[in-house]
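Below: the structure, in structure tokens.
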Amino acid sequence: MKFQSVFFLILFVALFFFLLFGPLQADSDIEGAKAALKDGALLIDVRTKAEYDNGHAKEAVHIPYDQLADRLEELQRYKDKGIVVYCRSGRRSGIAKQTLLSAGYENVINAGGLKEMESVSCIQC
């Protein structure tokens, strides 16, 4: 009986983390990002300053994902043009996308990670 309890506890914890973190990584859309950037969308690198300083897409502005909610006023003119966010792996950009959607921004694309951005923009130029 104890084995079953431990098994179900582990299963519950695994399901919880999948539901909490899974969708934030799975919604990246590099093709949509390419199209949006051609149409004038703003590109935001949501990584840390150290990561940004180590190399970033040349068109990107830097707003760390954990500062985004406090800096929404800077993004008002892009509310209708669109915003593309990226990070290292796609997880933080997924969080950033949700932050923007919750604030009323409708045209937000998670481009995923820096590796995906290499097909869109020059990195370390």
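The way I read the labels, and the way they are meant: chains A, B, ... in the order of the structure tokens, residue 1 as the first residue of every chain, and ligand 1 as the first ligand shown, with later ones counted on from there.
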*Name all residues at most 8 Å from Val108 of chain A (count only C-alpha atoms; drop same-chain ones fewer than 5 positions away) and give them as a list in words.*
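So the residues in contact are Gly82, Ile83, Val84, Val85, Lys97, Leu100 and Leu101 of chain A.
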Just the selected residues (N, CA and C atoms), exported as a PDB file, in the first residue's frame, please.
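Resulting contents of selection.pdb:
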```
ATOM      1  N   GLY A  82       2.831  44.498 -32.896  1.00  0.00           N
ATOM      2  CA  GLY A  82       3.276  43.177 -32.482  1.00  0.00           C
ATOM      3  C   GLY A  82       4.589  43.197 -31.739  1.00  0.00           C
ATOM      4  N   ILE A  83       4.785  42.162 -30.953  1.00  0.00           N
ATOM      5  CA  ILE A  83       5.995  42.005 -30.153  1.00  0.00           C
ATOM      6  C   ILE A  83       6.447  40.554 -30.268  1.00  0.00           C
ATOM      7  N   VAL A  84       7.750  40.386 -30.484  1.00  0.00           N
ATOM      8  CA  VAL A  84       8.367  39.056 -30.524  1.00  0.00           C
ATOM      9  C   VAL A  84       9.344  38.983 -29.363  1.00  0.00           C
ATOM     10  N   VAL A  85       9.253  37.925 -28.581  1.00  0.00           N
ATOM     11  CA  VAL A  85      10.135  37.748 -27.431  1.00  0.00           C
ATOM     12  C   VAL A  85      10.964  36.477 -27.609  1.00  0.00           C
ATOM     13  N   LYS A  97       5.672  36.219 -22.760  1.00  0.00           N
ATOM     14  CA  LYS A  97       4.491  36.248 -23.628  1.00  0.00           C
ATOM     15  C   LYS A  97       3.217  36.262 -22.787  1.00  0.00           C
ATOM     16  N   LEU A 100       2.651  39.680 -21.239  1.00  0.00           N
ATOM     17  CA  LEU A 100       2.131  40.654 -22.210  1.00  0.00           C
ATOM     18  C   LEU A 100       0.674  40.371 -22.565  1.00  0.00           C
ATOM     19  N   LEU A 101       0.332  39.113 -22.757  1.00  0.00           N
ATOM     20  CA  LEU A 101      -1.057  38.768 -23.059  1.00  0.00           C
ATOM     21  C   LEU A 101      -1.983  39.170 -21.910  1.00  0.00           C
TER      22      LEU A 101
END
```
*Find the spatial neighbours of Tyr52 of chain A, counting only C-alpha atoms, within a cut-off of 12 Å - ignore same-chain residues fewer than 2 positions away - and output them as a PyMOL selection string.*
chain A and resi 44-50+54-58+60-64+86-88+114+123-124
Surrounding residues of Lys38 of chain A excluding itself and chain neighbours under 3 positions, 12 Å, only C-alpha atoms, as an mmCIF file with N, CA and C atoms, in the first residue's frame:
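The resulting selection-v2.cif:
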```
data_model
loop_
_atom_site.group_PDB
_atom_site.id
_atom_site.type_symbol
_atom_site.label_atom_id
_atom_site.label_comp_id
_atom_site.auth_asym_id
_atom_site.auth_seq_id
_atom_site.Cartn_x
_atom_site.Cartn_y
_atom_site.Cartn_z
ATOM 1 N N GLU A 31 8.642 30.785 -37.336
ATOM 2 C CA GLU A 31 8.138 31.269 -38.630
ATOM 3 C C GLU A 31 7.219 32.475 -38.434
ATOM 4 N N GLY A 32 6.374 32.417 -37.409
ATOM 5 C CA GLY A 32 5.523 33.565 -37.087
ATOM 6 C C GLY A 32 6.351 34.762 -36.663
ATOM 7 N N ALA A 33 7.452 34.504 -35.964
ATOM 8 C CA ALA A 33 8.344 35.585 -35.538
ATOM 9 C C ALA A 33 8.979 36.264 -36.749
ATOM 10 N N LYS A 34 9.425 35.467 -37.719
ATOM 11 C CA LYS A 34 10.022 36.039 -38.932
ATOM 12 C C LYS A 34 9.037 36.970 -39.627
ATOM 13 N N ALA A 35 7.806 36.513 -39.783
ATOM 14 C CA ALA A 35 6.784 37.317 -40.464
ATOM 15 C C ALA A 35 6.464 38.585 -39.681
ATOM 16 N N ALA A 41 7.287 44.349 -36.087
ATOM 17 C CA ALA A 41 7.147 44.011 -34.668
ATOM 18 C C ALA A 41 8.429 44.356 -33.909
ATOM 19 N N LEU A 42 8.281 44.596 -32.635
ATOM 20 C CA LEU A 42 9.407 44.855 -31.752
ATOM 21 C C LEU A 42 9.989 43.522 -31.291
ATOM 22 N N LEU A 43 11.299 43.386 -31.306
ATOM 23 C CA LEU A 43 11.983 42.186 -30.837
ATOM 24 C C LEU A 43 12.576 42.462 -29.460
ATOM 25 N N GLU A 59 18.738 43.521 -33.636
ATOM 26 C CA GLU A 59 17.576 44.427 -33.562
ATOM 27 C C GLU A 59 16.896 44.413 -32.194
ATOM 28 N N LYS A 81 1.382 46.760 -33.490
ATOM 29 C CA LYS A 81 2.360 46.258 -34.464
ATOM 30 C C LYS A 81 2.834 44.845 -34.145
ATOM 31 N N GLY A 82 2.831 44.498 -32.896
ATOM 32 C CA GLY A 82 3.276 43.177 -32.482
ATOM 33 C C GLY A 82 4.589 43.197 -31.739
ATOM 34 N N ILE A 83 4.785 42.162 -30.953
ATOM 35 C CA ILE A 83 5.995 42.005 -30.153
ATOM 36 C C ILE A 83 6.447 40.554 -30.268
ATOM 37 N N VAL A 84 7.750 40.386 -30.484
ATOM 38 C CA VAL A 84 8.367 39.056 -30.524
ATOM 39 C C VAL A 84 9.344 38.983 -29.363
ATOM 40 N N VAL A 120 16.874 34.039 -37.879
ATOM 41 C CA VAL A 120 16.103 35.259 -38.136
ATOM 42 C C VAL A 120 16.986 36.503 -38.148
ATOM 43 N N SER A 121 17.965 36.545 -37.270
ATOM 44 C CA SER A 121 18.750 37.757 -37.069
ATOM 45 C C SER A 121 20.207 37.420 -36.839
#
```
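Closest approach to Lys115 of chain A among A:Ala96, A:Gly90, A:Ala103, A:Tyr65 is made by A:Gly90 (distances from only C-alpha atoms).
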*Just list the residues in segment 40-96 of chain A DSSP gives helix (DSSP H, G or I) on the backbone, as a ChimeraX atom specification.*
/A:49-53,65-78,91-96
*8 Å contact set for Asp80 of chain A, only C-alpha atoms, chain neighbours under 2 positions out, as a list in words*: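 My list of contacting residues is Arg77, Tyr78, Gly82, Tyr105, Glu106 and Asn107 of chain A.
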Could you take the residues named above and write them with N, CA and C atoms, as a PDB file, in the first residue's frame?
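The resulting file, part.pdb, is shown below:
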```pdb
ATOM      1  N   ARG A  77       3.548  51.716 -28.009  1.00  0.00           N
ATOM      2  CA  ARG A  77       3.454  51.976 -29.447  1.00  0.00           C
ATOM      3  C   ARG A  77       3.542  50.706 -30.284  1.00  0.00           C
ATOM      4  N   TYR A  78       3.907  49.590 -29.653  1.00  0.00           N
ATOM      5  CA  TYR A  78       3.983  48.315 -30.368  1.00  0.00           C
ATOM      6  C   TYR A  78       2.776  47.417 -30.093  1.00  0.00           C
ATOM      7  N   GLY A  82       2.831  44.498 -32.896  1.00  0.00           N
ATOM      8  CA  GLY A  82       3.276  43.177 -32.482  1.00  0.00           C
ATOM      9  C   GLY A  82       4.589  43.197 -31.739  1.00  0.00           C
ATOM     10  N   TYR A 105      -1.923  42.861 -24.479  1.00  0.00           N
ATOM     11  CA  TYR A 105      -1.258  42.779 -25.777  1.00  0.00           C
ATOM     12  C   TYR A 105      -1.737  41.505 -26.467  1.00  0.00           C
ATOM     13  N   GLU A 106      -2.164  41.639 -27.710  1.00  0.00           N
ATOM     14  CA  GLU A 106      -2.747  40.483 -28.389  1.00  0.00           C
ATOM     15  C   GLU A 106      -1.807  39.855 -29.412  1.00  0.00           C
ATOM     16  N   ASN A 107      -0.933  40.631 -29.995  1.00  0.00           N
ATOM     17  CA  ASN A 107      -0.050  40.137 -31.046  1.00  0.00           C
ATOM     18  C   ASN A 107       1.350  39.916 -30.480  1.00  0.00           C
TER      19      ASN A 107
END
```
*So, counting only C-alpha atoms, which residue among A:Ser119, A:Ala111, A:Leu37, A:Thr99 is closest to Asp70 of chain A?*
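For Asp70 of chain A, the nearest of the given residues is A:Thr99.
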_Which residue of A:Ile30, A:Ile95, A:Gly104, A:Glu118 approaches Leu68 of chain A most closely, using only C-alpha atoms_ = A:Ile95
*So, counting only C-alpha atoms, which residue among A:Arg91, A:Glu51, A:Asp66, A:Leu75 is closest to Asn110 of chain A?*
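Using only C-alpha atoms, Asn110 of chain A sits closest to A:Arg91.
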